[in-house]
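For reference, query.cif is printed below; it contains mmCIF, C-alpha atoms.
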data_start
loop_
_atom_site.label_atom_id
_atom_site.label_comp_id
_atom_site.auth_asym_id
_atom_site.auth_seq_id
_atom_site.Cartn_x
_atom_site.Cartn_y
_atom_site.Cartn_z
CA MET A 1 -32.54 11.06 20.04
CA LEU A 2 -36.00 10.91 21.55
CA ALA A 3 -38.55 8.36 20.40
CA GLU A 4 -42.16 9.47 20.63
CA LYS A 5 -43.50 6.49 22.58
CA GLY A 6 -40.53 6.43 24.94
CA SER A 7 -40.92 10.14 25.56
CA TYR A 8 -44.58 9.67 26.37
CA GLN A 9 -43.90 6.90 28.91
CA ASN A 10 -41.24 8.98 30.63
CA MET A 11 -43.58 11.96 30.73
CA LYS A 12 -46.34 9.85 32.31
CA SER A 13 -44.04 8.63 35.09
CA SER A 14 -42.25 11.94 35.64
CA LYS A 15 -43.12 14.14 38.64
CA THR A 16 -42.02 17.25 36.75
CA PRO A 17 -44.21 18.94 34.13
CA LEU A 18 -43.58 18.55 30.41
CA CYS A 19 -40.90 21.11 29.55
CA PHE A 20 -39.89 21.80 25.98
CA MET A 21 -36.90 24.08 25.41
CA ALA A 22 -36.11 26.21 22.37
CA ILE A 23 -32.97 24.55 21.00
CA ASN A 24 -32.53 26.74 17.91
CA THR A 25 -34.04 30.14 17.09
CA LEU A 26 -33.85 31.44 13.52
CA SER A 27 -34.47 35.19 13.25
CA ASP A 28 -35.70 37.15 10.25
CA VAL A 29 -36.61 40.78 9.54
CA GLN A 30 -40.27 39.87 8.93
CA ALA A 31 -42.79 37.25 10.01
CA ILE A 32 -41.84 33.64 9.25
CA ARG A 33 -44.83 31.81 7.79
CA CYS A 34 -43.74 28.27 7.04
CA ALA A 35 -41.19 25.58 7.85
CA GLU A 36 -40.97 21.92 6.89
CA PHE A 37 -38.63 19.10 7.89
CA HIS A 38 -36.90 17.12 5.14
CA PRO A 39 -38.18 13.49 5.23
CA ASP A 40 -34.88 12.27 6.70
CA GLY A 41 -35.06 14.90 9.46
CA LYS A 42 -31.48 16.10 8.99
CA ILE A 43 -32.45 19.53 7.59
CA TYR A 44 -35.48 21.81 7.44
CA ALA A 45 -36.66 24.57 5.10
CA VAL A 46 -37.96 27.94 6.28
CA GLY A 47 -39.87 30.56 4.25
CA SER A 48 -40.68 34.10 5.39
CA ASN A 49 -42.52 37.30 4.54
CA SER A 50 -39.13 38.76 3.63
CA LYS A 51 -39.25 36.50 0.51
CA THR A 52 -36.25 34.57 1.85
CA LEU A 53 -35.89 30.78 1.66
CA ARG A 54 -33.43 29.09 4.00
CA ILE A 55 -32.39 25.49 4.55
CA CYS A 56 -31.05 24.78 8.05
CA LEU A 57 -29.25 21.85 9.66
CA TYR A 58 -31.04 19.90 12.38
CA PRO A 59 -28.84 20.10 15.49
CA PRO A 60 -26.72 17.18 16.78
CA PRO A 61 -27.97 15.02 19.69
CA CYS A 62 -25.68 16.70 22.23
CA GLU A 63 -27.47 20.03 21.72
CA ILE A 64 -30.92 18.49 22.07
CA THR A 65 -30.20 16.47 25.23
CA SER A 66 -28.32 19.13 27.18
CA LYS A 67 -30.27 20.83 29.98
CA ASN A 68 -27.77 23.71 29.97
CA HIS A 69 -28.19 24.42 26.27
CA THR A 70 -28.86 28.03 25.29
CA SER A 71 -30.95 28.62 22.17
CA HIS A 72 -28.94 29.98 19.26
CA GLN A 73 -29.21 30.49 15.51
CA PRO A 74 -29.22 27.23 13.53
CA THR A 75 -26.61 26.46 10.89
CA VAL A 76 -27.96 27.76 7.58
CA ILE A 77 -26.60 25.73 4.64
CA PHE A 78 -28.64 27.50 1.95
CA LYS A 79 -30.11 30.99 1.76
CA ARG A 80 -31.84 32.74 -1.12
CA THR A 81 -33.21 36.26 -0.74
CA LYS A 82 -35.98 37.35 -3.12
CA HIS A 83 -36.83 33.71 -3.74
CA HIS A 84 -40.33 34.92 -4.64
CA LYS A 85 -41.62 38.36 -5.52
CA GLY A 86 -43.93 38.12 -2.51
CA SER A 87 -44.11 36.43 0.90
CA ILE A 88 -43.46 32.69 1.07
CA TYR A 89 -46.69 31.21 2.42
CA CYS A 90 -45.98 27.48 2.20
CA THR A 91 -43.31 24.93 1.45
CA ALA A 92 -43.21 21.14 1.00
CA TRP A 93 -40.70 18.36 0.38
CA SER A 94 -41.35 15.36 -1.85
CA LYS A 95 -41.46 12.04 0.01
CA ASP A 96 -38.02 11.06 -1.28
CA GLY A 97 -36.62 14.46 -0.37
CA LYS A 98 -35.37 15.18 -3.87
CA TYR A 99 -37.73 18.08 -4.57
CA ILE A 100 -38.85 21.12 -2.63
CA ALA A 101 -41.73 23.42 -3.59
CA THR A 102 -42.73 26.86 -2.32
CA GLY A 103 -45.91 28.92 -2.76
CA SER A 104 -46.37 32.69 -2.47
CA ASN A 105 -48.79 35.59 -2.54
CA ASP A 106 -47.10 36.52 -5.83
CA LYS A 107 -49.43 33.75 -7.17
CA THR A 108 -46.54 31.47 -8.20
CA ILE A 109 -45.09 28.12 -7.18
CA LYS A 110 -41.41 27.30 -7.47
CA ILE A 111 -40.10 23.72 -7.68
CA MET A 112 -36.42 22.93 -7.17
CA GLN A 113 -34.28 19.81 -6.90
CA TYR A 114 -32.29 19.16 -3.73
CA SER A 115 -29.03 17.20 -3.60
CA ASN A 116 -28.49 15.28 -0.36
CA GLU A 117 -24.88 14.68 -1.33
CA ASN A 118 -24.03 18.36 -1.88
CA ARG A 119 -26.66 19.71 0.53
CA GLN A 120 -27.69 22.32 -2.02
CA LEU A 121 -30.50 23.13 -4.43
CA GLU A 122 -29.42 22.14 -7.91
CA GLY A 123 -30.56 22.29 -11.53
CA ARG A 124 -33.16 24.45 -13.17
CA GLU A 125 -35.73 26.25 -11.03
CA ILE A 126 -39.28 25.78 -12.32
CA GLU A 127 -41.93 28.47 -11.85
CA LEU A 128 -45.64 27.64 -12.15
CA THR A 129 -48.10 30.45 -12.80
CA MET A 130 -51.52 28.77 -13.04
CA HIS A 131 -52.88 30.23 -9.77
CA ASP A 132 -54.75 33.56 -9.82
CA GLY A 133 -54.41 34.23 -6.09
CA THR A 134 -52.17 33.53 -3.10
CA VAL A 135 -50.88 29.95 -2.99
CA ARG A 136 -51.82 28.99 0.55
CA ASP A 137 -50.76 25.36 0.75
CA LEU A 138 -49.23 22.53 -1.25
CA CYS A 139 -48.07 18.94 -0.86
CA PHE A 140 -46.45 16.20 -2.93
CA ILE A 141 -48.28 12.97 -3.64
CA GLU A 142 -47.48 9.73 -5.47
CA ASP A 143 -49.69 8.50 -8.32
CA ASP A 144 -49.53 4.70 -7.99
CA CYS A 145 -51.32 3.98 -11.23
CA ASN A 146 -49.02 6.00 -13.48
CA GLU A 147 -45.91 5.98 -11.26
CA LYS A 148 -45.77 9.77 -11.18
CA ARG A 149 -44.75 12.32 -8.56
CA LEU A 150 -47.47 14.99 -8.36
CA LEU A 151 -47.74 18.36 -6.63
CA ILE A 152 -51.12 19.40 -5.21
CA SER A 153 -51.66 23.14 -4.64
CA GLY A 154 -54.49 25.45 -3.62
CA GLY A 155 -55.23 28.92 -2.34
CA ALA A 156 -57.19 32.09 -3.04
CA GLY A 157 -58.60 33.30 -6.34
CA SER A 158 -60.56 30.77 -8.37
CA CYS A 159 -60.69 28.26 -5.47
CA LYS A 160 -59.35 25.50 -7.71
CA ILE A 161 -56.96 22.76 -6.64
CA PHE A 162 -54.26 22.16 -9.23
CA ILE A 163 -52.42 18.89 -9.90
CA THR A 164 -48.94 19.26 -11.42
CA ASP A 165 -46.87 16.45 -12.94
CA CYS A 166 -43.37 16.98 -11.52
CA ALA A 167 -41.73 15.17 -14.45
CA ALA A 168 -43.46 17.23 -17.15
CA LEU A 169 -43.49 20.27 -14.79
CA THR A 170 -46.89 21.36 -16.04
CA PRO A 171 -50.34 21.33 -14.38
CA PHE A 172 -52.49 18.71 -16.11
CA GLN A 173 -55.62 18.63 -13.95
CA ASN A 174 -57.64 20.82 -11.60
CA PHE A 175 -60.34 20.00 -9.10
CA THR A 176 -63.32 22.25 -8.40
CA GLY A 177 -65.80 22.04 -5.54
CA HIS A 178 -64.75 24.61 -2.98
CA SER A 179 -66.38 28.03 -3.19
CA GLY A 180 -63.99 29.61 -0.70
CA HIS A 181 -60.26 30.10 -0.39
CA ILE A 182 -58.35 26.86 0.19
CA TYR A 183 -56.21 27.30 3.30
CA SER A 184 -54.96 23.78 3.89
CA ILE A 185 -54.10 20.63 1.92
CA TYR A 186 -52.82 17.36 3.36
CA SER A 187 -52.02 13.91 1.94
CA TRP A 188 -51.60 10.81 4.12
CA GLU A 189 -51.40 8.11 1.44
CA ASN A 190 -50.80 7.72 -2.28
CA ASN A 191 -53.59 8.99 -4.55
CA SER A 192 -55.58 10.67 -1.75
CA PHE A 193 -55.62 14.10 -0.12
CA VAL A 194 -57.90 16.38 1.88
CA SER A 195 -58.52 20.15 1.70
CA GLY A 196 -60.07 22.77 3.96
CA SER A 197 -61.73 26.05 2.97
CA GLN A 198 -62.62 29.53 4.23
CA PRO A 199 -65.46 31.75 2.96
CA SER A 200 -64.61 34.11 0.11
CA LYS A 201 -66.17 37.57 -0.19
CA PHE A 202 -66.54 36.95 -3.93
CA TYR A 203 -68.98 34.05 -3.43
CA LEU A 204 -72.45 34.10 -1.91
CA LEU A 205 -71.99 30.62 -0.45
CA GLN A 206 -70.04 30.53 2.80
CA ASP A 207 -67.79 27.53 2.24
CA LYS A 208 -66.45 26.14 5.55
CA SER A 209 -66.06 22.61 4.28
CA VAL A 210 -63.47 19.85 4.27
CA ARG A 211 -63.29 17.82 1.08
CA PHE A 212 -61.68 14.46 0.35
CA TRP A 213 -60.18 13.81 -3.07
CA ASP A 214 -58.79 10.89 -5.05
CA ILE A 215 -56.62 11.79 -8.04
CA ARG A 216 -58.19 8.89 -9.96
CA VAL A 217 -61.63 10.52 -9.62
CA ASN A 218 -62.24 14.00 -11.03
CA GLU A 219 -64.50 15.13 -8.19
CA SER A 220 -64.64 15.22 -4.40
CA THR A 221 -65.21 11.77 -2.89
CA ASN A 222 -66.63 13.09 0.39
CA THR A 223 -67.48 16.42 2.01
CA VAL A 224 -67.40 17.06 5.75
CA LEU A 225 -68.96 20.09 7.47
CA PRO A 226 -67.43 20.19 10.97
CA ILE A 227 -69.67 21.42 13.78
CA THR A 228 -67.52 23.79 15.83
CA TYR A 229 -67.64 25.06 19.41
CA TYR A 230 -69.59 28.26 18.85
CA ASP A 231 -71.50 27.59 15.63
CA SER A 232 -73.37 24.50 14.42
CA MET A 233 -72.93 25.91 10.92
CA GLY A 234 -69.18 25.64 11.37
CA SER A 235 -66.25 28.02 11.45
CA PRO A 236 -63.77 28.75 8.62
CA VAL A 237 -61.26 25.90 8.25
CA THR A 238 -57.64 26.94 8.77
CA SER A 239 -55.88 23.56 8.85
CA VAL A 240 -56.57 19.88 8.16
CA CYS A 241 -54.75 16.63 8.86
CA VAL A 242 -55.39 12.87 8.67
CA ASP A 243 -53.69 10.32 10.92
CA PRO A 244 -51.33 7.75 9.32
CA THR A 245 -53.98 4.99 9.40
CA GLY A 246 -56.49 7.09 7.46
CA ARG A 247 -59.09 6.65 10.21
CA LEU A 248 -59.11 10.07 11.87
CA LEU A 249 -59.51 13.55 10.41
CA VAL A 250 -58.73 16.58 12.55
CA THR A 251 -59.58 20.16 11.60
CA GLY A 252 -58.54 23.50 13.05
CA HIS A 253 -60.80 26.57 12.88
CA GLU A 254 -60.89 30.34 13.23
CA ASP A 255 -63.08 30.16 16.35
CA SER A 256 -60.29 28.18 18.15
CA SER A 257 -62.10 24.85 17.70
CA CYS A 258 -60.48 21.50 16.96
CA VAL A 259 -62.76 18.83 15.52
CA LEU A 260 -61.98 15.10 15.54
CA TYR A 261 -63.83 13.13 12.88
CA ASP A 262 -64.07 9.36 12.28
CA ILE A 263 -63.56 8.99 8.51
CA ARG A 264 -64.61 5.35 8.26
CA LYS A 265 -67.81 5.79 10.25
CA ASN A 266 -68.41 9.22 8.70
CA ARG A 267 -69.23 10.89 12.02
CA GLN A 268 -67.87 13.64 14.23
CA ILE A 269 -66.26 12.37 17.44
CA GLN A 270 -65.89 15.59 19.37
CA CYS A 271 -65.03 19.29 19.27
CA PHE A 272 -62.63 20.83 21.79
CA GLN A 273 -60.66 24.05 22.27
CA PRO A 274 -56.93 23.80 23.03
CA HIS A 275 -56.45 27.51 22.20
CA THR A 276 -58.13 30.85 22.97
CA ALA A 277 -57.74 32.28 19.44
CA ASP A 278 -57.57 31.12 15.80
CA ILE A 279 -55.89 27.76 15.26
CA ARG A 280 -53.48 28.07 12.33
CA SER A 281 -51.82 24.67 12.12
CA ILE A 282 -52.70 21.14 13.19
CA ARG A 283 -50.75 17.87 12.90
CA PHE A 284 -50.88 14.32 14.26
CA SER A 285 -47.58 13.06 15.64
CA PRO A 286 -45.94 10.34 13.48
CA SER A 287 -47.52 7.58 15.60
CA ALA A 288 -50.69 9.61 16.33
CA TYR A 289 -50.13 9.56 20.11
CA TYR A 290 -50.38 13.35 20.18
CA LEU A 291 -51.98 16.24 18.36
CA LEU A 292 -49.84 19.34 17.73
CA THR A 293 -51.63 22.67 17.32
CA CYS A 294 -50.61 26.31 17.27
CA GLY A 295 -52.58 29.53 17.08
CA TYR A 296 -52.97 33.25 17.33
CA ASP A 297 -52.85 33.05 21.15
CA ASN A 298 -49.05 32.69 20.67
CA LYS A 299 -49.06 29.10 21.99
CA ILE A 300 -47.98 25.67 20.79
CA VAL A 301 -50.12 22.94 22.38
CA LEU A 302 -49.86 19.15 22.62
CA THR A 303 -53.05 17.13 23.16
CA ASP A 304 -52.88 13.51 24.34
CA LEU A 305 -54.89 11.19 22.05
CA GLN A 306 -54.18 7.86 23.75
CA GLY A 307 -57.34 7.61 25.81
CA ASN A 308 -61.02 7.56 24.94
CA LEU A 309 -61.41 10.13 22.17
CA THR A 310 -65.01 10.87 23.16
CA LEU A 311 -63.92 12.14 26.59
CA SER A 312 -62.08 15.29 27.61
CA LEU A 313 -58.57 15.27 26.12
CA PRO A 314 -55.64 16.50 28.27
CA SER A 315 -53.54 19.26 26.70
CA VAL A 316 -50.32 20.99 27.67
CA VAL A 317 -48.57 24.11 26.36
CA ALA A 318 -45.31 22.93 24.80
CA GLY A 319 -43.96 26.34 23.83
CA GLU A 320 -44.83 29.98 23.31
CA HIS A 321 -43.81 32.80 20.97
CA SER A 322 -44.09 36.54 21.64
CA ASP A 323 -46.58 36.93 18.77
CA LYS A 324 -49.00 34.80 16.72
CA VAL A 325 -47.81 31.26 15.89
CA ILE A 326 -48.42 30.51 12.23
CA SER A 327 -47.25 26.91 11.77
CA ALA A 328 -45.92 23.95 13.76
CA ARG A 329 -44.46 20.66 12.54
CA TRP A 330 -43.27 17.39 14.10
CA HIS A 331 -39.82 16.04 13.41
CA PRO A 332 -40.23 12.80 11.39
CA ASN A 333 -38.18 10.74 13.88
CA ASP A 334 -37.53 12.67 17.10
CA PHE A 335 -39.85 14.10 19.75
CA SER A 336 -39.15 17.67 18.65
CA ILE A 337 -41.20 20.48 17.11
CA LEU A 338 -40.53 23.26 14.60
CA SER A 339 -42.67 26.41 14.83
CA THR A 340 -42.90 29.71 12.95
CA SER A 341 -44.31 33.01 14.12
CA ALA A 342 -45.25 36.61 13.43
CA ASP A 343 -42.56 37.45 16.01
CA LYS A 344 -40.07 36.96 13.11
CA THR A 345 -38.62 33.70 14.43
CA ALA A 346 -38.68 29.98 13.68
CA LYS A 347 -37.97 27.85 16.75
CA LEU A 348 -36.94 24.24 17.19
CA TRP A 349 -38.29 22.80 20.46
CA ALA A 350 -37.25 19.61 22.28
CA ILE A 351 -37.25 18.06 25.75
CA PRO A 352 -33.72 17.73 27.14
CA ASN A 353 -32.72 14.53 28.99
CA ILE A 354 -36.18 12.98 29.06
#
Is it possible to express this structure as structure tokens?
Amino acid sequence: MLAEKGSYQNMKSSKTPLCFMAINTLSDVQAIRCAEFHPDGKIYAVGSNSKTLRICLYPPPCEITSKNHTSHQPTVIFKRTKHHKGSIYCTAWSKDGKYIATGSNDKTIKIMQYSNENRQLEGREIELTMHDGTVRDLCFIEDDCNEKRLLISGGAGSCKIFITDCAALTPFQNFTGHSGHIYSIYSWENNSFVSGSQPSKFYLLQDKSVRFWDIRVNESTNTVLPITYYDSMGSPVTSVCVDPTGRLLVTGHEDSSCVLYDIRKNRQIQCFQPHTADIRSIRFSPSAYYLLTCGYDNKIVLTDLQGNLTLSLPSVVAGEHSDKVISARWHPNDFSILSTSADKTAKLWAIPNI
């Protein structure tokens, strides 16, 4: 398997360009919106506009390291059609991998238990109905104070962020502050998370903000208004992420801007454009050596973050779909990428024999 740092060093010394290959290609009858690796990296979940939820096996090392490998369908160990009444917009695993949650434009969230031993979803399926619009994003978080597993969710409608106790399986708290649809939620440590918003036609205020939250405080702890490439007033936020140290925030925007922000110094570092159309997903690599972005220009891009972050940052196209790329995720251990697209595929990308 390929370690991130080792892969980077080999790439730096190599005379050949960075070349990711599509190892697996999952096909659907409609656009695939979301995919997430299980924390142990051995499986991944995929949700699509066809309302279908699948869980697929991560391929063995021999498939990933072979230069002669031809992309094929992954092994699907679980498939449920009509999992929601609408498209599956988002999915998330709990940190221990025992729970998986999905959100939909049917305004519901479903929480299920996953058995590593049996490699199946088990027990009673829980449906949450507190949202009054599309559930755009969700993530699990640990409440240190009360030793609880919580689910954070947000989306369209009332622009509220809901906190659900996974033991009681009921929402017990909601956060207000955004006046636009919440497109992205991300947690990097216990008790804390960040959210990004887009303007809503139902509100006069044009919310393009990023807000930081602490579940121990019933209000936003900080608000950031990123200055983007084309507009000092900012562009709608499509994706947010914080690096593992909690020092850097990165935001993706509709005008193809990426903004790096120093959280501790509370200042913007720089704005750059790795894409030529809307950025739809943005993630730091596990060790924050790279930034992974994807967008409506059909491309998946890696940006090197190991130099001076105030200077121009080198980027390379890691992969490309035949239509808009909706999400991209790093494998938790290997130097591989999972992407989903409007071209009705989810692809697993890796670099063979690096």
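With only C-alpha atoms as the atoms that count, the minimum distance from A:Tyr186 to the choices A:Ala92, A:Val217, A:Ile263, A:Val224 is reached by A:Ala92.
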Practice problem: Please provide as a VMD selection string all residues within 7 Å of A:Pro236, with the sequence filter that same-chain residues fewer than 5 positions apart are discarded (counting all atoms listed in the file). | Solution: chain A and resid 197 to 199 208 253 to 254
Exercise. Record the distance separating atom CA of A:Glu125 and atom CA of A:Arg33, expressed in Å with one decimal.
Key: 21.6 Å
Exercise. Please evaluate the PyMOL selection byres ((chain A and resi 216) around 9) against the structure above and give the resulting residues as a PyMOL selection string.
Key: chain A and resi 143+145+191-192+213-215+217-218
Exactly which residues make up the result of the PyMOL selection byres ((chain A and resi 252) around 8) on this file, given as a compact mmCIF listing (two decimals) with C-alpha atoms, in the coordinates of the input?
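Writing done, so here's result-v4.txt:
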# COMPACT_ATOMS: atom_id res chain seq x y z
CA VAL A 237 -61.26 25.90 8.25
CA THR A 238 -57.64 26.94 8.77
CA SER A 239 -55.88 23.56 8.85
CA VAL A 240 -56.57 19.88 8.16
CA VAL A 250 -58.73 16.58 12.55
CA THR A 251 -59.58 20.16 11.60
CA HIS A 253 -60.80 26.57 12.88
CA GLU A 254 -60.89 30.34 13.23
CA SER A 256 -60.29 28.18 18.15
CA SER A 257 -62.10 24.85 17.70
CA CYS A 258 -60.48 21.50 16.96
CA VAL A 259 -62.76 18.83 15.52
CA ILE A 279 -55.89 27.76 15.26
CA ARG A 280 -53.48 28.07 12.33
CA SER A 281 -51.82 24.67 12.12
CA ILE A 282 -52.70 21.14 13.19
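The closest residue to A:Asp28, picked from A:Gly155, A:Gly47, A:Gly41, A:Gly246 and counting only C-alpha atoms, is A:Gly47.
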At a cut-off of 7 Å, can you tabulate as JSON lines every residue of stretch 133-156 of chain A near stretch 178-185 of chain A together with its closest atom pair and the distance in Å to one decimal, using all atoms listed in the file and ordering rows by chain then number?
{"residue": "A:Arg136", "atom": "CA", "partner": "A:Tyr183", "partner_atom": "CA", "distance": 5.4}
{"residue": "A:Asp137", "atom": "CA", "partner": "A:Ser184", "partner_atom": "CA", "distance": 5.5}
{"residue": "A:Leu138", "atom": "CA", "partner": "A:Ile185", "partner_atom": "CA", "distance": 6.1}
{"residue": "A:Cys139", "atom": "CA", "partner": "A:Ile185", "partner_atom": "CA", "distance": 6.9}
{"residue": "A:Gly154", "atom": "CA", "partner": "A:Ile182", "partner_atom": "CA", "distance": 5.6}
{"residue": "A:Gly155", "atom": "CA", "partner": "A:Ile182", "partner_atom": "CA", "distance": 4.5}
{"residue": "A:Ala156", "atom": "CA", "partner": "A:His181", "partner_atom": "CA", "distance": 4.5}
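Within the 12 Å cut-off around A:Glu117, using all atoms listed in the file and omitting residues fewer than 5 positions from it on the same chain, the listed residues are Gly97, Lys98 and Glu122 of chain A.
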Quiz item: How would you write, as a PyMOL selection string, the residues chosen by the PyMOL selection byres ((chain A and resi 164) around 12) on this structure?
Solution: chain A and resi 101+109-111+126-131+138-143+148-154+161-163+165-175+215
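Checking A:Leu309, A:Cys271, A:Cys241, A:Cys90 one by one against A:Ser195, counting all atoms listed in the file, you find the shortest gap at A:Cys241.
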Do a neighbour search on A:Cys34 at 7 Å with all atoms listed in the file, toss out local chain neighbours closer than 3 positions, and write the hits as a PDB file with C-alpha atoms, in the coordinates of the input.
ATOM      1  CA  VAL A  46     -37.960  27.940   6.280  1.00  0.00           C
ATOM      2  CA  GLY A  47     -39.870  30.560   4.250  1.00  0.00           C
ATOM      3  CA  SER A  48     -40.680  34.100   5.390  1.00  0.00           C
ATOM      4  CA  TYR A  89     -46.690  31.210   2.420  1.00  0.00           C
ATOM      5  CA  CYS A  90     -45.980  27.480   2.200  1.00  0.00           C
ATOM      6  CA  THR A  91     -43.310  24.930   1.450  1.00  0.00           C
ATOM      7  CA  SER A 327     -47.250  26.910  11.770  1.00  0.00           C
ATOM      8  CA  THR A 340     -42.900  29.710  12.950  1.00  0.00           C
TER       9      THR A 340
END
Quiz item: Near A:Ile23, within 8 Å and counting all atoms listed in the file, which residues show up once chain neighbours fewer than 2 positions away are dropped, as a PyMOL selection string?
Solution: chain A and resi 21+25+63-64+69-72+347-350
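With only C-alpha atoms as the basis for measurement, A:Trp330 is the residue among A:Phe78, A:Trp330, A:Tyr58, A:Tyr261 that approaches A:Cys294 most closely.
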What lies within 10 Å of A:Pro286 using only C-alpha atoms, ignoring chain neighbours under 3 positions off, as a short mmCIF file (atom, residue, chain, number, x, y, z; two decimals) with C-alpha atoms, in the frame of the given file?
data_model
loop_
_atom_site.label_atom_id
_atom_site.label_comp_id
_atom_site.auth_asym_id
_atom_site.auth_seq_id
_atom_site.Cartn_x
_atom_site.Cartn_y
_atom_site.Cartn_z
CA GLU A 4 -42.16 9.47 20.63
CA ASP A 243 -53.69 10.32 10.92
CA PRO A 244 -51.33 7.75 9.32
CA ARG A 283 -50.75 17.87 12.90
CA TYR A 289 -50.13 9.56 20.11
CA TYR A 290 -50.38 13.35 20.18
CA LEU A 291 -51.98 16.24 18.36
CA TRP A 330 -43.27 17.39 14.10
CA HIS A 331 -39.82 16.04 13.41
CA PRO A 332 -40.23 12.80 11.39
CA ASN A 333 -38.18 10.74 13.88
CA ASP A 334 -37.53 12.67 17.10
CA PHE A 335 -39.85 14.10 19.75
#
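The space between atom CA of A:Gln270 and atom CA of A:Ser220 spans 23.8 Å.
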